[in-house]
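Enquirer: Would you mind keeping the following structure in view while I ask a few things?
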Amino acid sequence: MIQLLNKKLLLLLLLIMSVGLHSQNIENIYIHMPDRLNPTTTAKIRMEMLEYHKAGQGDTIQNRFGGKAYLQVFDTLNNRIVVKNTATSTFEMKLLTVEGIPAIGVIRSVCSPICQSVTEFYDTAWNKIPVQFTMPKAIDWLDKNKLDSVVGLDKRWVQKVLENNFISLSFDAATACIIATNNSEDFLSEADRKVIQPLLRDNSIVFRLEGKRWVKKP
């Protein structure tokens, strides 16, 4: 009798562990996340959007406020989802590993009209975790060699012009990296842009996760 009970308890434990492991995928995490993290949708809306997509019935659904939410990326292999919540806002989520423990990265972007982003990190119980990410600034794209090569250009003026920061973020499709894109030149006047644009690097800045810190890749 005791052996039978022990076997049943073992089977129950294995079942609970199996359900727990199964739930650690981007689809379940996205559907069951707290609504406060993405107020334009509900769990029902999120589930229906993914189900429509899987059934080949479209990627667009009505959000809570009567607008349209559009599924841009649903990558179950790399555990990444990107949803355009409204005409001007995007919600992105990726399942990560922080020091061997599953974690969730969230990026929110707003384009009104210039795109900029914020990012946060959570454990699988939706508690914020202290993962350090320092948002780059527009001046980080300044190529100092190009700046030094321009005769008579006021460097203090260049630094002043680049004080306005409009940086958008995205998780890399296939790696645990964050891609930062500088949109700040869209804020400039046409005359200033002609001077500043040739001084900026064209490439994005890439961050990789090391421990609990995101560091710039060289």
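Chain identifiers are assigned as A, B, and so on, following the order in which chains appear in the structure tokens; residues are numbered from 1 within each chain, and ligands are numbered from 1 in order of appearance.
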For Gly67 in chain A, find every residue with an atom within 7 Å (counting only C-alpha atoms), except residues of its own chain fewer than 3 positions away, and show them as number ranges by chain.
Expert: A: 62-63, 86
Enquirer: With only C-alpha atoms as the counted atoms, please give the residues lying no more than 12 Å from Phe74 in chain A, apart from itself and same-chain residues fewer than 4 positions off, as a PDB file with N, CA and C atoms, in the first residue's frame.
Expert:
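Wrote out.pdb, looks like this:
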```pdb
ATOM      1  N   ASN A  25       7.692  27.981 -22.673  1.00  0.00           N
ATOM      2  CA  ASN A  25       7.881  28.308 -24.077  1.00  0.00           C
ATOM      3  C   ASN A  25       7.223  29.654 -24.329  1.00  0.00           C
ATOM      4  N   ILE A  26       7.628  30.279 -25.413  1.00  0.00           N
ATOM      5  CA  ILE A  26       7.238  31.667 -25.635  1.00  0.00           C
ATOM      6  C   ILE A  26       5.736  31.820 -25.820  1.00  0.00           C
ATOM      7  N   GLU A  27       5.077  30.811 -26.384  1.00  0.00           N
ATOM      8  CA  GLU A  27       3.635  30.912 -26.603  1.00  0.00           C
ATOM      9  C   GLU A  27       2.876  30.991 -25.280  1.00  0.00           C
ATOM     10  N   TYR A  30       3.692  34.207 -23.295  1.00  0.00           N
ATOM     11  CA  TYR A  30       3.039  35.398 -23.854  1.00  0.00           C
ATOM     12  C   TYR A  30       1.543  35.413 -23.526  1.00  0.00           C
ATOM     13  N   ARG A  46      -4.653  37.518 -26.948  1.00  0.00           N
ATOM     14  CA  ARG A  46      -3.331  36.973 -27.305  1.00  0.00           C
ATOM     15  C   ARG A  46      -3.443  35.524 -27.776  1.00  0.00           C
ATOM     16  N   MET A  49      -5.099  35.403 -31.281  1.00  0.00           N
ATOM     17  CA  MET A  49      -4.190  35.863 -32.330  1.00  0.00           C
ATOM     18  C   MET A  49      -3.215  34.758 -32.730  1.00  0.00           C
ATOM     19  N   LEU A  50      -2.646  34.050 -31.734  1.00  0.00           N
ATOM     20  CA  LEU A  50      -1.709  32.978 -32.038  1.00  0.00           C
ATOM     21  C   LEU A  50      -2.414  31.796 -32.687  1.00  0.00           C
ATOM     22  N   GLU A  51      -3.632  31.485 -32.218  1.00  0.00           N
ATOM     23  CA  GLU A  51      -4.373  30.371 -32.802  1.00  0.00           C
ATOM     24  C   GLU A  51      -4.755  30.653 -34.250  1.00  0.00           C
ATOM     25  N   TYR A  52      -5.182  31.888 -34.543  1.00  0.00           N
ATOM     26  CA  TYR A  52      -5.493  32.263 -35.926  1.00  0.00           C
ATOM     27  C   TYR A  52      -4.258  32.114 -36.810  1.00  0.00           C
ATOM     28  N   HIS A  53      -3.120  32.553 -36.268  1.00  0.00           N
ATOM     29  CA  HIS A  53      -1.875  32.457 -37.027  1.00  0.00           C
ATOM     30  C   HIS A  53      -1.532  31.000 -37.327  1.00  0.00           C
ATOM     31  N   LYS A  54      -1.614  30.142 -36.310  1.00  0.00           N
ATOM     32  CA  LYS A  54      -1.254  28.729 -36.498  1.00  0.00           C
ATOM     33  C   LYS A  54      -2.205  28.037 -37.460  1.00  0.00           C
ATOM     34  N   ASP A  59      -3.078  37.107 -39.192  1.00  0.00           N
ATOM     35  CA  ASP A  59      -2.219  37.515 -38.081  1.00  0.00           C
ATOM     36  C   ASP A  59      -2.732  38.766 -37.369  1.00  0.00           C
ATOM     37  N   TYR A  70      -1.265  43.289 -34.606  1.00  0.00           N
ATOM     38  CA  TYR A  70      -0.752  42.479 -35.709  1.00  0.00           C
ATOM     39  C   TYR A  70       0.470  41.680 -35.250  1.00  0.00           C
ATOM     40  N   ASN A  78      13.279  30.015 -31.644  1.00  0.00           N
ATOM     41  CA  ASN A  78      14.135  30.932 -30.883  1.00  0.00           C
ATOM     42  C   ASN A  78      13.386  31.659 -29.769  1.00  0.00           C
ATOM     43  N   ASN A  79      12.148  31.210 -29.493  1.00  0.00           N
ATOM     44  CA  ASN A  79      11.350  31.739 -28.381  1.00  0.00           C
ATOM     45  C   ASN A  79      11.247  33.258 -28.411  1.00  0.00           C
ATOM     46  N   ARG A  80      10.724  33.773 -29.522  1.00  0.00           N
ATOM     47  CA  ARG A  80      10.614  35.225 -29.708  1.00  0.00           C
ATOM     48  C   ARG A  80       9.272  35.562 -30.349  1.00  0.00           C
ATOM     49  N   ILE A  81       8.648  36.596 -29.816  1.00  0.00           N
ATOM     50  CA  ILE A  81       7.378  37.092 -30.353  1.00  0.00           C
ATOM     51  C   ILE A  81       7.481  38.593 -30.514  1.00  0.00           C
ATOM     52  N   VAL A  82       6.974  39.112 -31.632  1.00  0.00           N
ATOM     53  CA  VAL A  82       6.877  40.550 -31.850  1.00  0.00           C
ATOM     54  C   VAL A  82       5.449  40.850 -32.303  1.00  0.00           C
ATOM     55  N   VAL A  83       4.781  41.752 -31.576  1.00  0.00           N
ATOM     56  CA  VAL A  83       3.402  42.110 -31.894  1.00  0.00           C
ATOM     57  C   VAL A  83       3.300  43.628 -32.032  1.00  0.00           C
ATOM     58  N   LYS A  84       2.728  44.068 -33.132  1.00  0.00           N
ATOM     59  CA  LYS A  84       2.433  45.488 -33.307  1.00  0.00           C
ATOM     60  C   LYS A  84       1.077  45.733 -32.651  1.00  0.00           C
ATOM     61  N   GLU A  92       7.630  43.371 -27.837  1.00  0.00           N
ATOM     62  CA  GLU A  92       8.504  42.255 -28.202  1.00  0.00           C
ATOM     63  C   GLU A  92       8.907  41.480 -26.958  1.00  0.00           C
ATOM     64  N   MET A  93       8.953  40.165 -27.079  1.00  0.00           N
ATOM     65  CA  MET A  93       9.274  39.306 -25.939  1.00  0.00           C
ATOM     66  C   MET A  93      10.174  38.167 -26.403  1.00  0.00           C
ATOM     67  N   LYS A  94      11.162  37.831 -25.561  1.00  0.00           N
ATOM     68  CA  LYS A  94      12.054  36.714 -25.880  1.00  0.00           C
ATOM     69  C   LYS A  94      12.396  35.968 -24.600  1.00  0.00           C
ATOM     70  N   ALA A 173      17.138  37.852 -33.982  1.00  0.00           N
ATOM     71  CA  ALA A 173      16.262  36.737 -34.326  1.00  0.00           C
ATOM     72  C   ALA A 173      16.801  35.396 -33.832  1.00  0.00           C
TER      73      ALA A 173
END
```
Enquirer: As a ChimeraX atom specification, please: every residue in range 165-194 of chain A that a backbone DSSP assignment puts in strand (DSSP E).
Expert: /A:167-171,177-182
Enquirer: Residues near Leu162 in chain A, anyone? I mean within 12 Å using only C-alpha atoms, not counting same-chain ones fewer than 5 positions away, as a list in words.
Expert: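 Here the answer would be Lys137, Ala138, Ile139, Asp140, Trp141, Leu142, Lys155, Arg156, Trp157, Ile167, Asn182, Asn183, Ser184, Glu185, Asp186, Phe187, Leu188, Asp192, Arg193, Val195, Ile196, Gln197, Leu199 and Leu200 of chain A.
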Enquirer: Between CA of Cys115 in chain A and CA of Pro198 in chain A, what is the spacing in Å?
Expert: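 So the answer is 20.9 Å.
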Enquirer: Which distance in Å separates CA of Asp172 in chain A and CA of Ile61 in chain A, to one decimal?
Expert: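 Distance between the two atoms: 25.3 Å.
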Enquirer: To one decimal place, how far is CA of Val131 in chain A from CA of Gly211 in chain A in Å?
Expert: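 One can read the CA of Val131 in chain A to CA of Gly211 in chain A distance as 8.4 Å.
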Enquirer: According to DSSP computed on the backbone, where in range 7-191 of chain A is there alpha helix (DSSP H)? Give the residues as a PyMOL selection string.
Expert: chain A and resi 7-23+26-32+43-54+144-149+155-161+190-191
Enquirer: Of the candidates A:Thr97, A:Asn145, A:Ser168, A:Thr134, which one gets nearest to Tyr122 in chain A if we count only C-alpha atoms?
Expert: A:Thr97
Enquirer: Name the closest residue to Phe171 in chain A among the candidates A:Asn127, A:Ser109, A:Gln132, A:Gln159; distances are taken between atoms, counting only C-alpha atoms.
Expert: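 Under the stated criterion, the closest residue is A:Ser109.
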